[in-house]
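Chemist: So here's run11.cif, just mmCIF, C-alpha atoms:
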data_protein
#
loop_
_atom_site.label_atom_id
_atom_site.label_comp_id
_atom_site.auth_asym_id
_atom_site.auth_seq_id
_atom_site.Cartn_x
_atom_site.Cartn_y
_atom_site.Cartn_z
CA MET A 1 -21.06 26.13 10.73
CA LYS A 2 -18.95 23.52 9.04
CA LEU A 3 -16.60 22.86 11.94
CA SER A 4 -16.74 19.19 12.82
CA ILE A 5 -15.21 18.17 9.50
CA LEU A 6 -11.86 19.53 10.61
CA THR A 7 -11.57 16.57 12.97
CA ALA A 8 -9.99 14.81 10.02
CA ALA A 9 -6.76 15.68 11.78
CA LEU A 10 -5.40 14.11 14.91
CA ALA A 11 -8.30 13.02 17.14
CA CYS A 12 -6.00 10.74 19.02
CA THR A 13 -6.11 9.33 22.54
CA ALA A 14 -3.12 7.01 22.44
CA GLU A 15 -0.58 7.55 25.22
CA VAL A 16 2.84 8.86 24.25
CA LEU A 17 5.41 6.36 25.45
CA GLY A 18 9.14 6.53 25.97
CA LEU A 19 9.42 10.28 26.61
CA THR A 20 11.88 11.81 29.07
CA SER A 21 9.36 14.34 30.37
CA SER A 22 5.63 15.07 30.26
CA LEU A 23 3.22 17.64 28.88
CA GLN A 24 2.65 20.40 31.44
CA ARG A 25 0.20 23.29 31.59
CA VAL A 26 1.70 26.69 32.41
CA THR A 27 -0.59 28.12 35.08
CA GLU A 28 1.42 31.12 36.24
CA ASN A 29 0.80 34.55 34.74
CA TRP A 30 2.68 34.21 31.47
CA GLY A 31 1.44 37.44 29.88
CA ASN A 32 -1.07 38.85 27.43
CA ASN A 33 -3.78 36.30 26.61
CA PRO A 34 -6.63 38.12 24.82
CA THR A 35 -8.64 34.99 23.98
CA ASN A 36 -8.02 32.90 27.11
CA ILE A 37 -6.25 30.06 25.32
CA GLU A 38 -4.34 27.49 27.34
CA PHE A 39 -0.55 27.25 27.38
CA TRP A 40 0.87 23.73 27.43
CA ILE A 41 4.56 22.97 27.09
CA TYR A 42 6.89 20.01 26.67
CA VAL A 43 10.42 20.51 27.98
CA PRO A 44 12.66 17.46 27.53
CA THR A 45 14.90 16.40 30.39
CA THR A 46 18.00 17.40 28.44
CA LEU A 47 17.92 20.70 26.59
CA LYS A 48 20.42 22.11 24.18
CA THR A 49 22.13 25.31 25.19
CA ARG A 50 19.87 28.13 23.96
CA PRO A 51 17.21 25.67 22.76
CA ALA A 52 14.98 26.17 19.74
CA VAL A 53 11.22 26.46 20.24
CA VAL A 54 8.52 24.78 18.12
CA VAL A 55 4.86 25.81 18.35
CA ALA A 56 2.55 22.90 17.41
CA ALA A 57 -1.06 23.99 16.82
CA HIS A 58 -3.96 21.51 16.87
CA TYR A 59 -6.91 21.17 14.49
CA CYS A 60 -10.56 22.21 15.06
CA THR A 61 -12.14 20.28 17.96
CA GLY A 62 -8.62 19.28 19.00
CA SER A 63 -6.53 20.08 22.03
CA ALA A 64 -2.95 20.39 23.18
CA SER A 65 -3.00 16.88 24.65
CA ALA A 66 -4.39 15.32 21.46
CA PHE A 67 -1.76 16.97 19.27
CA PHE A 68 0.93 16.07 21.79
CA SER A 69 -0.01 12.39 21.78
CA GLY A 70 -0.79 12.22 18.08
CA THR A 71 2.44 13.65 16.68
CA GLN A 72 6.16 13.10 17.15
CA TRP A 73 7.19 16.63 18.05
CA ALA A 74 7.82 15.66 21.68
CA ASN A 75 9.74 12.51 20.72
CA LEU A 76 11.98 14.56 18.45
CA ALA A 77 12.39 17.18 21.18
CA ASP A 78 13.93 14.46 23.35
CA GLN A 79 16.32 13.63 20.55
CA TYR A 80 17.30 17.15 19.53
CA GLY A 81 16.88 19.16 22.71
CA TYR A 82 14.28 21.76 21.73
CA ILE A 83 11.06 22.87 23.49
CA VAL A 84 7.52 22.35 22.15
CA ILE A 85 4.66 24.74 22.90
CA TYR A 86 1.19 23.23 22.49
CA PRO A 87 -1.38 26.05 22.63
CA SER A 88 -4.98 24.95 23.16
CA VAL A 89 -8.22 26.76 22.21
CA THR A 90 -10.89 27.01 24.92
CA ARG A 91 -13.77 28.13 22.65
CA SER A 92 -16.36 25.42 21.95
CA SER A 93 -15.28 24.95 18.32
CA LYS A 94 -11.62 24.57 19.33
CA CYS A 95 -10.76 26.32 16.04
CA TRP A 96 -8.05 28.95 15.80
CA ASP A 97 -8.94 32.54 14.97
CA VAL A 98 -7.62 32.98 11.44
CA ALA A 99 -10.30 35.47 10.38
CA SER A 100 -10.28 38.52 12.65
CA THR A 101 -8.27 41.63 11.87
CA ALA A 102 -6.79 41.36 15.36
CA SER A 103 -5.37 37.89 14.79
CA LEU A 104 -4.21 38.67 11.24
CA THR A 105 -2.31 41.79 12.31
CA HIS A 106 1.09 42.08 13.99
CA ASN A 107 0.50 42.81 17.69
CA GLY A 108 -3.22 43.13 16.94
CA GLY A 109 -4.41 40.68 19.57
CA SER A 110 -6.45 37.45 19.62
CA ASP A 111 -4.94 33.95 19.36
CA SER A 112 -1.86 34.93 17.37
CA LEU A 113 -0.69 37.48 19.94
CA ALA A 114 -1.34 35.06 22.80
CA ILE A 115 0.88 32.45 21.14
CA VAL A 116 3.64 34.97 20.49
CA THR A 117 3.44 35.88 24.18
CA MET A 118 3.90 32.18 25.02
CA VAL A 119 6.98 32.11 22.79
CA LYS A 120 8.51 35.14 24.49
CA TRP A 121 7.82 33.70 27.96
CA THR A 122 9.47 30.41 26.95
CA LEU A 123 12.52 32.08 25.43
CA ASN A 124 13.00 34.10 28.60
CA LYS A 125 12.46 31.25 31.08
CA TYR A 126 14.65 28.70 29.29
CA SER A 127 17.21 31.07 27.70
CA GLY A 128 16.01 29.99 24.28
CA ASP A 129 17.29 31.04 20.88
CA ALA A 130 15.00 33.76 19.50
CA GLY A 131 16.43 33.10 16.04
CA ARG A 132 15.17 29.49 16.05
CA VAL A 133 11.43 29.66 16.69
CA TYR A 134 9.14 27.65 14.39
CA HIS A 135 5.41 27.13 13.90
CA THR A 136 3.55 24.10 12.59
CA GLY A 137 -0.01 22.85 12.57
CA LEU A 138 -2.60 20.66 10.93
CA SER A 139 -5.87 21.84 9.37
CA SER A 140 -6.95 24.82 11.50
CA GLY A 141 -3.44 24.76 12.98
CA ALA A 142 -2.02 24.87 9.45
CA MET A 143 -4.15 27.91 8.67
CA LEU A 144 -2.68 29.49 11.80
CA THR A 145 0.82 28.59 10.64
CA GLN A 146 0.41 30.48 7.38
CA LEU A 147 -1.17 33.37 9.31
CA MET A 148 1.87 33.54 11.59
CA MET A 149 4.23 33.65 8.61
CA GLY A 150 2.49 36.84 7.50
CA ALA A 151 1.73 38.54 10.81
CA TYR A 152 4.87 37.65 12.77
CA PRO A 153 7.81 37.19 10.38
CA ASP A 154 10.01 38.78 13.05
CA VAL A 155 9.19 36.04 15.57
CA PHE A 156 9.26 32.84 13.49
CA ALA A 157 12.20 31.50 11.51
CA GLY A 158 10.11 28.89 9.71
CA GLY A 159 6.82 27.09 9.36
CA CYS A 160 5.31 23.77 8.26
CA SER A 161 1.65 23.80 7.20
CA PHE A 162 -0.31 20.55 6.78
CA ALA A 163 -3.63 20.98 4.92
CA GLY A 164 -4.04 24.71 5.42
CA VAL A 165 -5.07 27.77 3.44
CA PRO A 166 -3.29 30.99 2.41
CA TYR A 167 -2.85 33.84 4.85
CA GLY A 168 -6.08 35.85 4.96
CA CYS A 169 -8.21 33.31 3.10
CA PHE A 170 -10.75 33.25 5.97
CA ALA A 171 -10.44 36.99 6.66
CA GLY A 172 -13.60 38.60 8.03
CA SER A 173 -15.67 35.43 7.92
CA GLY A 174 -15.88 34.23 11.48
CA GLU A 175 -14.92 30.63 12.14
CA TRP A 176 -15.84 29.21 8.75
CA ASN A 177 -15.61 30.43 5.16
CA ASN A 178 -17.17 28.18 2.52
CA GLN A 179 -15.69 30.12 -0.38
CA CYS A 180 -12.16 29.64 0.90
CA ALA A 181 -12.65 26.09 2.18
CA ASN A 182 -14.07 24.99 -1.18
CA GLY A 183 -11.08 26.43 -3.00
CA GLN A 184 -13.15 29.11 -4.72
CA LEU A 185 -11.28 32.16 -3.44
CA VAL A 186 -8.93 32.87 -6.34
CA LYS A 187 -6.58 35.85 -6.52
CA THR A 188 -3.49 36.87 -8.43
CA ALA A 189 -0.09 36.20 -6.90
CA GLN A 190 0.33 39.92 -6.33
CA GLN A 191 -3.01 40.20 -4.54
CA TRP A 192 -2.22 37.26 -2.29
CA GLY A 193 1.28 38.55 -1.63
CA ASP A 194 0.00 42.00 -0.73
CA GLN A 195 -2.47 40.42 1.67
CA ALA A 196 0.27 38.47 3.45
CA ARG A 197 2.46 41.57 3.66
CA SER A 198 -0.44 43.49 5.19
CA GLY A 199 -0.07 41.35 8.31
CA TYR A 200 2.95 43.42 9.29
CA PRO A 201 2.88 46.67 7.30
CA GLY A 202 6.28 48.17 6.67
CA TYR A 203 8.22 45.06 7.66
CA THR A 204 11.45 44.77 5.65
CA GLY A 205 13.33 42.10 7.58
CA PRO A 206 13.97 38.45 6.67
CA ARG A 207 11.01 36.18 5.99
CA PRO A 208 10.58 32.77 7.65
CA LYS A 209 11.06 29.72 5.45
CA LEU A 210 7.89 27.74 4.81
CA ALA A 211 6.93 24.24 3.67
CA ILE A 212 3.30 23.40 2.92
CA TYR A 213 1.67 19.99 2.41
CA HIS A 214 -1.75 19.23 0.89
CA GLY A 215 -3.65 16.22 -0.41
CA THR A 216 -5.17 16.35 -3.88
CA ALA A 217 -8.30 14.55 -2.64
CA ASP A 218 -8.96 16.92 0.28
CA THR A 219 -12.69 17.72 0.41
CA THR A 220 -12.53 19.72 3.64
CA LEU A 221 -10.04 22.38 2.59
CA TYR A 222 -9.95 21.81 -1.14
CA TYR A 223 -6.70 21.34 -3.04
CA ASN A 224 -7.00 24.65 -4.87
CA ASN A 225 -6.01 26.30 -1.57
CA PHE A 226 -2.61 24.67 -2.04
CA LEU A 227 -2.28 26.29 -5.46
CA GLU A 228 -3.36 29.67 -4.10
CA SER A 229 -0.80 29.36 -1.29
CA ASN A 230 1.86 28.73 -3.91
CA LYS A 231 0.88 31.98 -5.59
CA GLN A 232 0.96 33.87 -2.32
CA TRP A 233 4.24 32.76 -0.88
CA SER A 234 6.23 32.69 -4.11
CA ASN A 235 5.21 36.34 -4.47
CA VAL A 236 6.14 37.17 -0.88
CA TYR A 237 9.56 35.58 -1.32
CA GLY A 238 10.01 36.99 -4.82
CA ILE A 239 10.81 33.58 -6.30
CA SER A 240 9.37 31.38 -9.05
CA PHE A 241 8.69 27.68 -9.48
CA THR A 242 11.89 25.83 -10.40
CA ARG A 243 11.20 22.12 -10.72
CA ASN A 244 9.26 19.08 -9.48
CA GLU A 245 10.72 16.10 -7.65
CA THR A 246 8.37 13.14 -8.02
CA ASN A 247 7.90 10.40 -5.41
CA ASN A 248 9.34 12.69 -2.76
CA PRO A 249 9.03 12.11 0.17
CA LEU A 250 6.62 9.23 -0.53
CA ASN A 251 5.50 7.37 -3.60
CA GLY A 252 2.86 9.42 -5.40
CA TRP A 253 3.83 12.66 -3.70
CA THR A 254 5.44 15.54 -5.58
CA LYS A 255 7.79 18.11 -4.10
CA MET A 256 7.46 21.47 -5.86
CA ILE A 257 10.59 23.56 -5.45
CA PHE A 258 10.50 27.33 -5.71
CA GLY A 259 13.70 29.29 -6.14
CA ASP A 260 16.58 27.24 -4.76
CA GLY A 261 14.30 25.36 -2.37
CA THR A 262 15.66 26.94 0.80
CA GLN A 263 12.83 29.45 1.37
CA TYR A 264 9.67 27.80 0.11
CA VAL A 265 8.68 24.27 -0.92
CA ALA A 266 5.26 22.70 -1.48
CA TYR A 267 4.28 19.02 -1.33
CA SER A 268 1.33 17.67 -3.33
CA ALA A 269 0.09 14.31 -2.02
CA ALA A 270 -1.74 12.42 -4.78
CA GLY A 271 -4.97 10.77 -3.67
CA VAL A 272 -4.64 11.89 -0.06
CA GLY A 273 -7.57 13.56 1.66
CA HIS A 274 -7.70 15.78 4.74
CA SER A 275 -6.17 13.04 6.93
CA LEU A 276 -2.71 14.11 5.84
CA PRO A 277 0.35 12.47 7.41
CA VAL A 278 2.32 14.87 9.58
CA ARG A 279 5.93 14.79 8.38
CA GLU A 280 7.72 16.05 11.48
CA ALA A 281 11.22 14.89 10.52
CA ASP A 282 10.90 16.50 7.09
CA CYS A 283 10.08 19.82 8.75
CA MET A 284 13.04 19.42 11.08
CA ALA A 285 15.37 18.90 8.14
CA PHE A 286 13.93 21.87 6.25
CA TRP A 287 14.35 24.11 9.28
CA GLY A 288 17.83 22.79 10.02
CA LEU A 289 16.89 21.46 13.46
CA ASN A 290 17.93 17.87 12.77
CA THR A 291 21.47 18.38 14.02
CA SER A 292 23.13 16.34 16.74
CA GLY A 293 21.12 15.98 19.91
CA PRO A 294 21.71 17.45 23.36
CA SER A 295 23.92 14.57 24.52
CA SER A 296 26.47 12.25 22.96
CA SER A 297 24.18 9.28 23.57
CA THR A 298 21.54 10.61 21.19
CA THR A 299 21.35 8.74 17.91
CA THR A 300 19.54 9.60 14.70
CA SER A 301 17.58 7.03 12.68
CA SER A 302 17.68 7.24 8.89
CA SER A 303 13.97 6.55 8.61
CA THR A 304 10.97 8.31 10.10
CA THR A 305 7.36 7.48 10.77
CA SER A 306 4.25 9.42 9.92
CA ARG A 307 1.02 9.21 11.89
CA ILE A 308 -2.22 9.24 9.97
CA VAL A 309 -5.41 9.84 11.92
CA THR A 310 -8.83 9.35 10.40
CA THR A 311 -12.10 11.15 11.07
CA SER A 312 -13.12 8.31 13.35
CA GLY A 313 -10.18 9.03 15.61
CA THR A 314 -8.28 5.82 14.87
CA ARG A 315 -4.60 6.11 14.19
CA THR A 316 -2.21 4.09 12.11
CA THR A 317 1.55 4.50 12.09
CA THR A 318 3.30 3.92 8.80
CA ALA A 319 7.01 3.82 8.15
CA ALA A 320 8.15 6.38 5.63
CA THR A 321 10.48 5.42 2.82
CA THR A 322 14.10 6.12 3.72
CA ALA A 323 16.11 8.61 1.75
CA ALA A 324 18.25 5.82 0.35
CA THR A 325 15.31 4.06 -1.28
CA THR A 326 13.07 6.97 -2.27
CA THR A 327 12.96 7.59 -6.00
CA ARG A 328 13.42 11.27 -6.68
CA ALA A 329 13.00 12.08 -10.34
CA THR A 330 14.04 15.70 -10.73
CA THR A 331 12.77 17.51 -13.81
CA PRO A 332 14.03 20.99 -14.71
CA ALA A 333 11.39 23.63 -15.25
CA THR A 334 12.89 24.57 -18.58
CA THR A 335 12.05 21.20 -20.14
CA PRO A 336 9.04 21.43 -22.45
CA ALA A 337 5.85 19.64 -21.44
CA THR A 338 5.40 16.22 -22.99
CA THR A 339 2.95 15.60 -25.78
CA PRO A 340 -0.33 14.19 -24.42
CA GLY A 341 -0.92 10.50 -24.93
CA THR A 342 2.69 9.32 -24.66
CA GLY A 343 4.66 7.20 -22.21
CA PRO A 344 3.40 4.53 -19.78
CA VAL A 345 -0.17 4.53 -18.52
CA VAL A 346 -0.53 6.64 -15.38
CA SER A 347 -2.81 5.38 -12.59
CA LYS A 348 -5.54 7.58 -11.11
CA TRP A 349 -4.15 10.41 -8.93
CA GLY A 350 -0.75 10.19 -10.63
CA GLN A 351 1.01 13.07 -12.38
CA CYS A 352 0.43 13.11 -16.13
CA GLY A 353 1.86 16.40 -17.36
CA GLY A 354 3.11 19.89 -16.73
CA ILE A 355 6.21 21.91 -17.48
CA GLY A 356 9.21 19.69 -16.86
CA TRP A 357 7.23 16.44 -16.76
CA THR A 358 8.88 13.61 -18.70
CA GLY A 359 6.78 10.67 -17.52
CA GLY A 360 3.61 9.14 -18.87
CA THR A 361 0.73 11.30 -20.00
CA THR A 362 -1.91 8.65 -20.73
CA CYS A 363 -4.28 8.13 -17.80
CA ALA A 364 -5.73 4.79 -16.79
CA SER A 365 -9.29 4.01 -17.79
CA GLY A 366 -11.82 6.02 -15.82
CA SER A 367 -9.60 9.08 -15.34
CA THR A 368 -8.43 11.94 -17.53
CA CYS A 369 -5.37 14.16 -17.44
CA GLN A 370 -6.40 17.52 -16.00
CA SER A 371 -4.16 20.56 -15.62
CA LEU A 372 -4.05 21.89 -12.05
CA ASN A 373 -1.42 24.52 -12.82
CA PRO A 374 1.17 25.04 -15.59
CA TYR A 375 3.57 22.72 -13.80
CA TYR A 376 1.31 19.92 -12.62
CA SER A 377 -1.37 17.88 -14.37
CA GLN A 378 -3.01 14.93 -12.67
CA CYS A 379 -5.11 11.91 -13.62
CA LEU A 380 -8.50 12.62 -12.03
#
Using the file provided, produce a representation of the structure as structure tokens.

Modeler:
Amino acid sequence: MKLSILTAALACTAEVLGLTSSLQRVTENWGNNPTNIEFWIYVPTTLKTRPAVVVAAHYCTGSASAFFSGTQWANLADQYGYIVIYPSVTRSSKCWDVASTASLTHNGGSDSLAIVTMVKWTLNKYSGDAGRVYHTGLSSGAMLTQLMMGAYPDVFAGGCSFAGVPYGCFAGSGEWNNQCANGQLVKTAQQWGDQARSGYPGYTGPRPKLAIYHGTADTTLYYNNFLESNKQWSNVYGISFTRNETNNPLNGWTKMIFGDGTQYVAYSAAGVGHSLPVREADCMAFWGLNTSGPSSSTTTSSSTTSRIVTTSGTRTTTAATTAATTTRATTPATTPATTPGTGPVVSKWGQCGGIGWTGGTTCASGSTCQSLNPYYSQCL
């Protein structure tokens, strides 16, 4: 099985410094746990009244402690007074079950039900806000995030998926699915939407908001999965692509806005592989959790950092561009596509066309402008 490649996410051993509390394992009987996964939790010293809850799911071969130390969810919990649940797989692969009917189905069992049980235990113990529960993850954890959006829309108010696949893409395959991973599982938007809705048949309530992130150079979970996710979730929400915002949130990245941008957004990271930066603060803003902290002494910085971890397990921390200096070129979807071969030369991995694109369409030597979807062409 092709499992070890998913370690492109956070294989990190660095100690988390400056926190008000510590990661703790819940060892009491916390409820239904069909797959014997571990329940780890971070509760900051100062909580907001009726705190929000964020579930942060690790990658294949990962663990709760690795995802805790390799991301900023705990640091931000100190600042904003929410609780973080770090579930941890005990199977040898350390991959989440995103394939079984049990996990894909509301109250069906497996990993997804165990995590929902953790959420309910946490809400009860800490008098949390059931209307502010969120799920995020990287790689296998991102697959689980999109699964949760389909199977438990009544539990989660939002999600952030970093290098994942659509809901049901691995369905019935066991722990690995080459067709899906290689981006070869292609369906219509209606087919994908119906599959996501099948996670909770008959559900008519509100849907959680979702942001997804994917690198164009990902060779573990290929980029076409990003495009298929766009089909799926735009259908589920009943919205269409609206516009691109280039160089947002980083240079070379493109934010694809669907509808009015409050329900579903998608970020395409040019030239980035499976070691995708986790943009915690962006998720917080999208979910509306970046409000004032639990005490008057809490301050908010205008810039954030993203942690990039390589397959070797080394980590680098890079400062993200602040909102004041980020160039955000917004292009309406109604603008006609530019004629090929015009404008400045576009470097490899840059955007070179698509509906609404007004920049250069001539690629640098060694690359050609290739259409990835009607709204986005890239120099490859």

Chemist: How would you write, as an MDAnalysis selection string, the residues chosen by the PyMOL selection byres ((chain A and resi 272) around 10) on this structure?

Modeler: chainID A and resid 214:219 252:253 268:271 273:277 349

Chemist: On this structure, the PyMOL selection byres ((chain A and resi 187) around 12) would catch which residues? List them as a list in words, sorted by chain and number.

Modeler: Pro166, Gly168, Cys169, Cys180, Gly183, Gln184, Leu185, Val186, Thr188, Ala189, Gln190, Gln191, Trp192, Gly193, Asp194, Gln195, Asn224, Asn225, Leu227, Glu228, Ser229, Asn230, Lys231, Gln232 and Asn235 of chain A

Chemist: Just how far from atom CA of Ser127 of chain A is atom CA of Ser22 of chain A, in Å to one decimal?

Modeler: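 Going from atom CA of Ser22 of chain A over to atom CA of Ser127 of chain A covers 19.9 Å.
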
Chemist: For this file, the PyMOL selection byres ((chain A and resi 73-90) around 6) selects which residues, as a list in words?

Modeler: Ile37, Glu38, Phe39, Trp40, Ile41, Tyr42, Val43, Pro44, Leu47, Lys48, Pro51, Ala52, Val53, Val54, Val55, Ala56, Ser63, Ala64, Thr71, Gln72, Arg91, Lys94, Gly293 and Pro294 of chain A

Chemist: Please list as an MDAnalysis selection string every residue within 9 Å of Trp96 of chain A, counting all atoms listed in the file and excluding residues in the same chain fewer than 2 positions away.

Modeler: chainID A and resid 57:60 88:89 91 93:94 98:99 111:112 140:141 143:144 175

Chemist: Report, in Å to a single decimal, how far apart atom CA of Asn107 of chain A and atom CA of Tyr203 of chain A are.

Modeler: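 So the two atoms, atom CA of Tyr203 of chain A and atom CA of Asn107 of chain A, lie 12.9 Å apart.
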
Chemist: Quick one: distance from atom CA of Ser234 of chain A to atom CA of Ala211 of chain A in Å, one decimal?

Modeler: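 We find that atom CA of Ser234 of chain A and atom CA of Ala211 of chain A lie 11.5 Å from each other.
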
Chemist: Around segment 127-144 of chain A, fit a box with edges along x, y and z, padding it by 5 Å on each side, then list its centre and edge lengths in Å to one decimal as JSON.

Modeler:
{"center_x": 5.2, "center_y": 27.2, "center_z": 18.2, "size_x": 34.2, "size_y": 23.1, "size_z": 29.0}

Chemist: Using all atoms listed in the file, which of the listed residues (A:Ala181, A:Val278, A:Val165, A:Met149) sits closest to Val236 of chain A?

Modeler: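 For Val236 of chain A, the nearest of the given residues is A:Met149.
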
Chemist: Keeping N, CA and C atoms, write segment 156-181 of chain A of the structure just shown out as a PDB file, in the first residue's frame.

Modeler:
ATOM      1  N   PHE A 156     -20.618  19.964  12.638  1.00  0.00           N
ATOM      2  CA  PHE A 156     -19.551  20.920  12.334  1.00  0.00           C
ATOM      3  C   PHE A 156     -20.090  22.169  11.644  1.00  0.00           C
ATOM      4  N   ALA A 157     -19.590  23.315  12.098  1.00  0.00           N
ATOM      5  CA  ALA A 157     -19.966  24.591  11.494  1.00  0.00           C
ATOM      6  C   ALA A 157     -19.032  24.976  10.363  1.00  0.00           C
ATOM      7  N   GLY A 158     -17.873  24.328  10.281  1.00  0.00           N
ATOM      8  CA  GLY A 158     -16.928  24.670   9.229  1.00  0.00           C
ATOM      9  C   GLY A 158     -15.769  23.701   9.172  1.00  0.00           C
ATOM     10  N   GLY A 159     -15.031  23.773   8.067  1.00  0.00           N
ATOM     11  CA  GLY A 159     -13.868  22.919   7.886  1.00  0.00           C
ATOM     12  C   GLY A 159     -12.773  23.621   7.117  1.00  0.00           C
ATOM     13  N   CYS A 160     -11.544  23.132   7.268  1.00  0.00           N
ATOM     14  CA  CYS A 160     -10.389  23.600   6.504  1.00  0.00           C
ATOM     15  C   CYS A 160      -9.590  22.362   6.108  1.00  0.00           C
ATOM     16  N   SER A 161      -9.481  22.116   4.811  1.00  0.00           N
ATOM     17  CA  SER A 161      -8.848  20.904   4.286  1.00  0.00           C
ATOM     18  C   SER A 161      -7.562  21.270   3.562  1.00  0.00           C
ATOM     19  N   PHE A 162      -6.436  20.692   4.000  1.00  0.00           N
ATOM     20  CA  PHE A 162      -5.136  20.964   3.394  1.00  0.00           C
ATOM     21  C   PHE A 162      -4.635  19.709   2.687  1.00  0.00           C
ATOM     22  N   ALA A 163      -4.680  19.725   1.352  1.00  0.00           N
ATOM     23  CA  ALA A 163      -4.208  18.609   0.521  1.00  0.00           C
ATOM     24  C   ALA A 163      -5.042  17.353   0.755  1.00  0.00           C
ATOM     25  N   GLY A 164      -6.337  17.464   0.518  1.00  0.00           N
ATOM     26  CA  GLY A 164      -7.237  16.334   0.692  1.00  0.00           C
ATOM     27  C   GLY A 164      -7.844  15.872  -0.614  1.00  0.00           C
ATOM     28  N   VAL A 165      -8.955  15.153  -0.495  1.00  0.00           N
ATOM     29  CA  VAL A 165      -9.695  14.654  -1.659  1.00  0.00           C
ATOM     30  C   VAL A 165     -11.178  14.841  -1.377  1.00  0.00           C
ATOM     31  N   PRO A 166     -12.029  14.748  -2.409  1.00  0.00           N
ATOM     32  CA  PRO A 166     -13.466  14.908  -2.180  1.00  0.00           C
ATOM     33  C   PRO A 166     -14.027  13.841  -1.246  1.00  0.00           C
ATOM     34  N   TYR A 167     -15.154  14.160  -0.641  1.00  0.00           N
ATOM     35  CA  TYR A 167     -15.887  13.165   0.140  1.00  0.00           C
ATOM     36  C   TYR A 167     -16.158  11.946  -0.734  1.00  0.00           C
ATOM     37  N   GLY A 168     -15.835  10.755  -0.223  1.00  0.00           N
ATOM     38  CA  GLY A 168     -16.150   9.516  -0.918  1.00  0.00           C
ATOM     39  C   GLY A 168     -15.175   9.106  -1.993  1.00  0.00           C
ATOM     40  N   CYS A 169     -14.096   9.860  -2.181  1.00  0.00           N
ATOM     41  CA  CYS A 169     -13.150   9.543  -3.259  1.00  0.00           C
ATOM     42  C   CYS A 169     -12.441   8.206  -3.010  1.00  0.00           C
ATOM     43  N   PHE A 170     -12.219   7.862  -1.746  1.00  0.00           N
ATOM     44  CA  PHE A 170     -11.584   6.591  -1.389  1.00  0.00           C
ATOM     45  C   PHE A 170     -12.604   5.495  -1.077  1.00  0.00           C
ATOM     46  N   ALA A 171     -13.871   5.757  -1.275  1.00  0.00           N
ATOM     47  CA  ALA A 171     -14.929   4.856  -0.807  1.00  0.00           C
ATOM     48  C   ALA A 171     -14.722   3.422  -1.273  1.00  0.00           C
ATOM     49  N   GLY A 172     -14.783   2.489  -0.327  1.00  0.00           N
ATOM     50  CA  GLY A 172     -14.726   1.067  -0.629  1.00  0.00           C
ATOM     51  C   GLY A 172     -13.364   0.509  -0.950  1.00  0.00           C
ATOM     52  N   SER A 173     -12.314   1.301  -0.787  1.00  0.00           N
ATOM     53  CA  SER A 173     -10.996   0.898  -1.281  1.00  0.00           C
ATOM     54  C   SER A 173     -10.051   0.375  -0.219  1.00  0.00           C
ATOM     55  N   GLY A 174     -10.404   0.463   1.030  1.00  0.00           N
ATOM     56  CA  GLY A 174      -9.421   0.188   2.063  1.00  0.00           C
ATOM     57  C   GLY A 174      -8.637   1.454   2.360  1.00  0.00           C
ATOM     58  N   GLU A 175      -7.370   1.309   2.727  1.00  0.00           N
ATOM     59  CA  GLU A 175      -6.613   2.479   3.164  1.00  0.00           C
ATOM     60  C   GLU A 175      -5.969   3.260   2.024  1.00  0.00           C
ATOM     61  N   TRP A 176      -5.957   2.712   0.833  1.00  0.00           N
ATOM     62  CA  TRP A 176      -5.353   3.456  -0.277  1.00  0.00           C
ATOM     63  C   TRP A 176      -6.136   3.220  -1.554  1.00  0.00           C
ATOM     64  N   ASN A 177      -6.226   4.249  -2.380  1.00  0.00           N
ATOM     65  CA  ASN A 177      -6.956   4.178  -3.638  1.00  0.00           C
ATOM     66  C   ASN A 177      -6.137   4.912  -4.693  1.00  0.00           C
ATOM     67  N   ASN A 178      -5.440   4.171  -5.536  1.00  0.00           N
ATOM     68  CA  ASN A 178      -4.578   4.787  -6.544  1.00  0.00           C
ATOM     69  C   ASN A 178      -5.351   5.660  -7.514  1.00  0.00           C
ATOM     70  N   GLN A 179      -6.541   5.218  -7.903  1.00  0.00           N
ATOM     71  CA  GLN A 179      -7.318   5.988  -8.869  1.00  0.00           C
ATOM     72  C   GLN A 179      -7.626   7.377  -8.319  1.00  0.00           C
ATOM     73  N   CYS A 180      -8.078   7.428  -7.084  1.00  0.00           N
ATOM     74  CA  CYS A 180      -8.372   8.725  -6.480  1.00  0.00           C
ATOM     75  C   CYS A 180      -7.092   9.520  -6.236  1.00  0.00           C
ATOM     76  N   ALA A 181      -6.105   8.895  -5.611  1.00  0.00           N
ATOM     77  CA  ALA A 181      -4.868   9.604  -5.273  1.00  0.00           C
ATOM     78  C   ALA A 181      -4.212  10.218  -6.500  1.00  0.00           C
TER      79      ALA A 181
END
